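Chemist: File upload-v3.cif follows (mmCIF, C-alpha atoms):
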data_target
#
loop_
_atom_site.group_PDB
_atom_site.id
_atom_site.type_symbol
_atom_site.label_atom_id
_atom_site.label_comp_id
_atom_site.auth_asym_id
_atom_site.auth_seq_id
_atom_site.Cartn_x
_atom_site.Cartn_y
_atom_site.Cartn_z
ATOM 1 C CA MET A 1 123.230 162.499 110.349
ATOM 2 C CA LEU A 2 125.510 159.443 110.260
ATOM 3 C CA LYS A 3 122.542 157.252 111.188
ATOM 4 C CA ASP A 4 120.607 158.642 108.203
ATOM 5 C CA GLN A 5 123.546 157.968 105.863
ATOM 6 C CA ILE A 6 123.864 154.390 107.109
ATOM 7 C CA THR A 7 120.119 153.812 106.792
ATOM 8 C CA SER A 8 120.156 155.278 103.292
ATOM 9 C CA TYR A 9 123.072 153.045 102.282
ATOM 10 C CA ILE A 10 121.354 149.942 103.643
ATOM 11 C CA ARG A 11 118.157 150.755 101.768
ATOM 12 C CA ALA A 12 120.024 151.438 98.537
ATOM 13 C CA HIS A 13 122.096 148.255 98.773
ATOM 14 C CA LYS A 14 119.735 145.985 100.694
ATOM 15 C CA ALA A 15 120.544 142.826 98.711
ATOM 16 C CA PHE A 16 124.302 143.256 99.130
ATOM 17 C CA VAL A 17 123.993 144.039 102.842
ATOM 18 C CA MET A 18 121.749 140.994 103.368
ATOM 19 C CA TYR A 19 124.166 138.842 101.358
ATOM 20 C CA GLY A 20 126.978 140.115 103.582
ATOM 21 C CA LEU A 21 125.106 139.376 106.804
ATOM 22 C CA ILE A 22 124.172 135.891 105.637
ATOM 23 C CA SER A 23 127.772 135.337 104.581
ATOM 24 C CA VAL A 24 129.060 136.350 108.014
ATOM 25 C CA PHE A 25 126.666 133.864 109.640
ATOM 26 C CA VAL A 26 127.656 131.120 107.191
ATOM 27 C CA THR A 27 131.341 131.981 107.648
ATOM 28 C CA VAL A 28 131.146 131.365 111.383
ATOM 29 C CA ILE A 29 129.597 127.972 110.729
ATOM 30 C CA ASP A 30 132.096 127.230 107.935
ATOM 31 C CA VAL A 31 135.122 128.083 110.103
ATOM 32 C CA ALA A 32 133.818 126.044 113.041
ATOM 33 C CA VAL A 33 133.040 123.008 110.874
ATOM 34 C CA THR A 34 136.392 123.298 109.050
ATOM 35 C CA GLY A 35 138.331 123.562 112.310
ATOM 36 C CA CYS A 36 136.532 120.586 113.843
ATOM 37 C CA ALA A 37 136.912 118.536 110.659
ATOM 38 C CA GLU A 38 140.626 119.280 110.546
ATOM 39 C CA LEU A 39 141.058 118.164 114.152
ATOM 40 C CA VAL A 40 139.030 114.998 113.630
ATOM 41 C CA LEU A 41 140.722 114.115 110.339
ATOM 42 C CA SER A 42 144.200 114.678 111.765
ATOM 43 C CA ALA A 43 143.632 112.900 115.069
ATOM 44 C CA TYR A 44 141.322 110.032 114.235
ATOM 45 C CA VAL A 45 140.839 109.407 110.550
ATOM 46 C CA LEU A 46 144.417 109.853 109.357
ATOM 47 C CA ASN A 47 145.978 108.727 112.670
ATOM 48 C CA GLY A 48 147.842 111.958 113.344
ATOM 49 C CA SER A 49 149.251 112.146 109.837
ATOM 50 C CA ASN A 50 150.409 115.598 108.799
ATOM 51 C CA SER A 51 149.007 115.043 105.324
ATOM 52 C CA ARG A 52 148.752 118.014 102.974
ATOM 53 C CA ALA A 53 145.275 116.785 102.100
ATOM 54 C CA VAL A 54 143.821 117.346 105.584
ATOM 55 C CA PRO A 55 143.343 121.150 105.307
ATOM 56 C CA VAL A 56 141.804 120.843 101.847
ATOM 57 C CA ILE A 57 139.447 118.003 102.844
ATOM 58 C CA ALA A 58 138.443 119.846 106.025
ATOM 59 C CA ASN A 59 137.901 123.069 104.063
ATOM 60 C CA THR A 60 135.713 121.206 101.583
ATOM 61 C CA ILE A 61 133.537 119.864 104.409
ATOM 62 C CA GLY A 62 133.163 123.378 105.860
ATOM 63 C CA VAL A 63 132.435 125.008 102.497
ATOM 64 C CA VAL A 64 129.839 122.376 101.538
ATOM 65 C CA THR A 65 128.093 122.861 104.884
ATOM 66 C CA GLY A 66 128.120 126.624 104.323
ATOM 67 C CA PHE A 67 126.839 126.213 100.762
ATOM 68 C CA ILE A 68 123.751 124.337 101.894
ATOM 69 C CA ILE A 69 122.878 126.942 104.508
ATOM 70 C CA GLN A 70 123.736 129.881 102.277
ATOM 71 C CA TYR A 71 121.703 128.632 99.336
ATOM 72 C CA PHE A 72 118.470 128.474 101.294
ATOM 73 C CA LEU A 73 119.030 131.816 103.031
ATOM 74 C CA THR A 74 120.151 133.807 99.980
ATOM 75 C CA ALA A 75 117.614 132.272 97.603
ATOM 76 C CA ARG A 76 114.916 133.536 99.914
ATOM 77 C CA HIS A 77 116.344 136.791 101.314
ATOM 78 C CA VAL A 78 118.676 138.114 98.593
ATOM 79 C CA TYR A 79 117.761 136.864 95.133
ATOM 80 C CA ASN A 80 114.105 136.082 95.910
ATOM 81 C CA VAL A 81 113.977 133.140 93.528
ATOM 82 C CA THR A 82 113.760 129.402 93.974
ATOM 83 C CA SER A 83 113.853 127.433 90.767
ATOM 84 C CA ALA A 84 115.893 124.719 89.106
ATOM 85 C CA LYS A 85 117.715 127.379 87.097
ATOM 86 C CA SER A 86 118.602 129.446 90.170
ATOM 87 C CA PHE A 87 119.802 126.317 91.966
ATOM 88 C CA ALA A 88 121.928 125.319 88.950
ATOM 89 C CA ILE A 89 123.535 128.777 88.888
ATOM 90 C CA PHE A 90 124.100 128.680 92.627
ATOM 91 C CA LEU A 91 125.588 125.181 92.404
ATOM 92 C CA GLY A 92 127.834 126.082 89.456
ATOM 93 C CA THR A 93 129.184 129.169 91.181
ATOM 94 C CA PHE A 94 129.587 127.095 94.349
ATOM 95 C CA PHE A 95 131.911 124.661 92.551
ATOM 96 C CA MET A 96 133.874 127.592 91.126
ATOM 97 C CA ASN A 97 134.073 129.079 94.633
ATOM 98 C CA LEU A 98 135.085 125.716 96.156
ATOM 99 C CA PHE A 99 137.874 125.248 93.610
ATOM 100 C CA PHE A 100 139.129 128.794 94.223
ATOM 101 C CA ALA A 101 138.882 128.500 98.032
ATOM 102 C CA ASN A 102 140.636 125.124 98.123
ATOM 103 C CA GLY A 103 143.381 126.469 95.879
ATOM 104 C CA ILE A 104 143.907 129.346 98.295
ATOM 105 C CA ILE A 105 143.947 126.942 101.276
ATOM 106 C CA TYR A 106 146.484 124.686 99.554
ATOM 107 C CA ILE A 107 148.762 127.574 98.572
ATOM 108 C CA PHE A 108 148.658 129.155 102.015
ATOM 109 C CA ARG A 109 148.923 126.002 104.110
ATOM 110 C CA SER A 110 151.314 123.947 101.964
ATOM 111 C CA LEU A 111 153.448 126.454 100.131
ATOM 112 C CA ILE A 112 153.468 129.703 102.089
ATOM 113 C CA PHE A 113 153.243 128.341 105.647
ATOM 114 C CA LYS A 114 155.017 125.000 104.983
ATOM 115 C CA ASN A 115 152.292 122.681 106.415
ATOM 116 C CA SER A 116 152.020 124.536 109.706
ATOM 117 C CA ASN A 117 149.121 123.535 111.955
ATOM 118 C CA ASP A 118 149.286 126.761 113.955
ATOM 119 C CA LEU A 119 145.911 128.382 114.756
ATOM 120 C CA THR A 120 147.041 131.719 113.318
ATOM 121 C CA VAL A 121 148.021 130.037 110.059
ATOM 122 C CA PHE A 122 144.629 128.288 109.967
ATOM 123 C CA LEU A 123 142.772 131.576 110.518
ATOM 124 C CA ILE A 124 144.809 133.544 107.963
ATOM 125 C CA SER A 125 144.380 130.818 105.345
ATOM 126 C CA LYS A 126 140.667 130.433 106.021
ATOM 127 C CA ALA A 127 140.112 134.209 105.954
ATOM 128 C CA ALA A 128 141.819 134.521 102.566
ATOM 129 C CA SER A 129 139.780 131.607 101.212
ATOM 130 C CA ILE A 130 136.564 133.311 102.326
ATOM 131 C CA VAL A 131 137.145 136.973 101.494
ATOM 132 C CA LEU A 132 138.461 136.660 97.939
ATOM 133 C CA PRO A 133 135.760 134.287 96.617
ATOM 134 C CA PHE A 134 133.003 136.229 98.453
ATOM 135 C CA PHE A 135 133.058 139.223 96.130
ATOM 136 C CA ILE A 136 133.591 137.259 92.950
ATOM 137 C CA THR A 137 130.751 134.865 93.749
ATOM 138 C CA TYR A 138 128.302 137.594 94.770
ATOM 139 C CA PHE A 139 128.703 139.577 91.570
ATOM 140 C CA ILE A 140 128.628 136.525 89.298
ATOM 141 C CA ARG A 141 125.443 135.301 91.012
ATOM 142 C CA LYS A 142 123.884 138.754 90.894
ATOM 143 C CA HIS A 143 124.541 138.910 87.156
ATOM 144 C CA LEU A 144 123.374 135.358 86.368
ATOM 145 C CA MET A 145 120.511 134.796 88.816
ATOM 146 C CA PRO A 146 117.157 134.630 87.001
ATOM 147 C CA THR A 147 114.361 137.096 87.682
ATOM 148 C CA GLY A 148 110.927 137.758 86.258
ATOM 149 C CA GLU A 149 108.415 135.526 84.513
ATOM 150 C CA GLY A 150 108.520 131.818 85.077
ATOM 151 C CA GLU A 151 110.374 132.071 88.370
ATOM 152 C CA LYS A 152 108.924 131.580 91.801
ATOM 153 C CA SER A 153 109.748 134.914 93.329
ATOM 154 C CA LYS A 154 108.540 137.183 96.102
#
For the structure just supplied, provide its representation as structure tokens.
Modeler:
Amino acid sequence: MLKDQITSYIRAHKAFVMYGLISVFVTVIDVAVTGCAELVLSAYVLNGSNSRAVPVIANTIGVVTGFIIQYFLTARHVYNVTSAKSFAIFLGTFFMNLFFANGIIYIFRSLIFKNSNDLTVFLISKAASIVLPFFITYFIRKHLMPTGEGEKSK
């Protein structure tokens, strides 16, 4: 019975479930790239400096990497469109998402956690910067993404 309910939910909300699965995959990549970038920037590029910019720069590198992967996967498996208009919408919402995510990272890392480099602080900050923009971005893209005539769709 529970299996039937889960299957029914997945069928009814296939696009959202697929978007969620792709986002989980992209999130793992994003977090790994962000963590590595933060280590490299702190240790090598900024010579161990505890600059407030390091978490934001590292987050930007991770989010951009995730954007590239997510665009190709969601354009094909969620929105089923690949056009200049769909890319423009995806890119515009990406910049909105990046601004929002970096704001969250800055607030958490600089203001709330007072520039802590603790792993727990990193994970809490990164989680907040992923979860909040996820829902906003999905629903904006769902509303704006083109469908129908003139689009290359499945």
Chemist: Which residue, A:Ile130, A:Ala88, A:Ile104, A:Met145, has the smallest gap to Ser23 in chain A when you use all atoms listed in the file?
Modeler: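 Residue with the minimum atom-to-atom distance to Ser23 in chain A: A:Ile130.
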Chemist: Would you place a box with edges along x, y and z of the file around all atoms of range 122-135 of chain A listed there, add 4 Å to each of its six sides, and report the centre and edge lengths in Å to one decimal, as AutoDock Vina command-line options?
Modeler:
--center_x 138.9 --center_y 133.8 --center_z 103.3 --size_x 19.8 --size_y 18.9 --size_z 22.4
Chemist: Near Asp118 in chain A, within 12 Å and counting only C-alpha atoms, which residues show up once chain neighbours fewer than 2 positions away are dropped, as a list of chain:residue names?
Modeler: A:Gly35, A:Glu38, A:Leu39, A:Pro55, A:Arg109, A:Phe113, A:Lys114, A:Asn115, A:Ser116, A:Thr120, A:Val121, A:Phe122, A:Leu123, A:Ile124, A:Ser125
Chemist: Could you write out as a list in words the residues that the PyMOL selection byres ((chain A and resi 70) around 10) matches in the shown file?
Modeler: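 With the PyMOL selection byres ((chain A and resi 70) around 10) on this model, the match is Tyr19, Ile22, Ser23, Phe25, Val26, Thr27, Val63, Val64, Thr65, Gly66, Phe67, Ile68, Ile69, Tyr71, Phe72, Leu73, Thr74, Ala75, Arg76 and Phe90 of chain A.
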Chemist: Suppose we keep C-alpha atoms; can you now write the selection as an mmCIF file, in the frame of the given file?
Modeler:
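Once written, selection_4.cif looks like this:
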data_model
loop_
_atom_site.group_PDB
_atom_site.id
_atom_site.type_symbol
_atom_site.label_atom_id
_atom_site.label_comp_id
_atom_site.auth_asym_id
_atom_site.auth_seq_id
_atom_site.Cartn_x
_atom_site.Cartn_y
_atom_site.Cartn_z
ATOM 1 C CA TYR A 19 124.166 138.842 101.358
ATOM 2 C CA ILE A 22 124.172 135.891 105.637
ATOM 3 C CA SER A 23 127.772 135.337 104.581
ATOM 4 C CA PHE A 25 126.666 133.864 109.640
ATOM 5 C CA VAL A 26 127.656 131.120 107.191
ATOM 6 C CA THR A 27 131.341 131.981 107.648
ATOM 7 C CA VAL A 63 132.435 125.008 102.497
ATOM 8 C CA VAL A 64 129.839 122.376 101.538
ATOM 9 C CA THR A 65 128.093 122.861 104.884
ATOM 10 C CA GLY A 66 128.120 126.624 104.323
ATOM 11 C CA PHE A 67 126.839 126.213 100.762
ATOM 12 C CA ILE A 68 123.751 124.337 101.894
ATOM 13 C CA ILE A 69 122.878 126.942 104.508
ATOM 14 C CA TYR A 71 121.703 128.632 99.336
ATOM 15 C CA PHE A 72 118.470 128.474 101.294
ATOM 16 C CA LEU A 73 119.030 131.816 103.031
ATOM 17 C CA THR A 74 120.151 133.807 99.980
ATOM 18 C CA ALA A 75 117.614 132.272 97.603
ATOM 19 C CA ARG A 76 114.916 133.536 99.914
ATOM 20 C CA PHE A 90 124.100 128.680 92.627
#
Chemist: With the file shown as input, list the residues that the PyMOL selection byres ((chain A and resi 1-15) around 9) selects, as a ChimeraX atom specification.
Modeler: /A:16-20,77-79
Chemist: Using the selection just defined, write its residues with C-alpha atoms as a tab-separated table (two decimals), keeping the file's coordinate frame.
Modeler:
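Final file, out_11.tsv:
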chain	number	residue	atom	x	y	z
A	16	PHE	CA	124.30	143.26	99.13
A	17	VAL	CA	123.99	144.04	102.84
A	18	MET	CA	121.75	140.99	103.37
A	19	TYR	CA	124.17	138.84	101.36
A	20	GLY	CA	126.98	140.12	103.58
A	77	HIS	CA	116.34	136.79	101.31
A	78	VAL	CA	118.68	138.11	98.59
A	79	TYR	CA	117.76	136.86	95.13
Chemist: Convert the output of the PyMOL selection byres ((chain A and resi 101) around 10) on the shown file into explicit residues, formatted as a list of chain:residue names.
Modeler: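 On the file shown, the PyMOL selection byres ((chain A and resi 101) around 10) covers A:Val56, A:Asn59, A:Thr60, A:Val63, A:Phe95, A:Met96, A:Asn97, A:Leu98, A:Phe99, A:Phe100, A:Asn102, A:Gly103, A:Ile104, A:Ile105, A:Tyr106, A:Ile107, A:Ser125, A:Lys126, A:Ala127, A:Ala128, A:Ser129, A:Ile130, A:Val131, A:Leu132, A:Pro133, A:Phe134.
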Chemist: Would you work out the distance separating CA of His143 in chain A from CA of Ala84 in chain A, expressed in Å to one decimal?
Modeler: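 Between CA of His143 in chain A and CA of Ala84 in chain A the gap is 16.7 Å.
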Chemist: Do you have the CA of Ala37 in chain A-CA of Tyr138 in chain A distance handy?
Modeler: 26.3 Å
Chemist: Rank A:Ile29, A:Arg141, A:Phe108, A:Leu21 by their smallest atom-to-atom distance to Phe87 in chain A, using only C-alpha atoms, and report the top residue only.
Modeler: A:Arg141
Chemist: Taking all atoms listed in the file into account, name the residue in A:Leu144, A:Leu91, A:Ile112, A:Ile61 that is nearest to Val31 in chain A.
Modeler: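 The answer is A:Ile61, which sits nearest to Val31 in chain A.
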Chemist: Record the distance separating CA of Gly62 in chain A and CA of Val24 in chain A, expressed in Å with one decimal.
Modeler: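 That distance, rounded to one decimal, is 13.8 Å.
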Chemist: Which is closest to Val54 in chain A among A:Ser83, A:Thr93, A:Ser110, A:Thr137, if we use only C-alpha atoms?
Modeler: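 The answer is A:Ser110, which sits nearest to Val54 in chain A.
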Chemist: In terms of the shortest atom-to-atom distance over only C-alpha atoms, which of A:Ile140, A:Val28, A:Leu41, A:Val33 is closest to Gly92 in chain A?
Modeler: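 Result for the nearest residue to Gly92 in chain A: A:Ile140.
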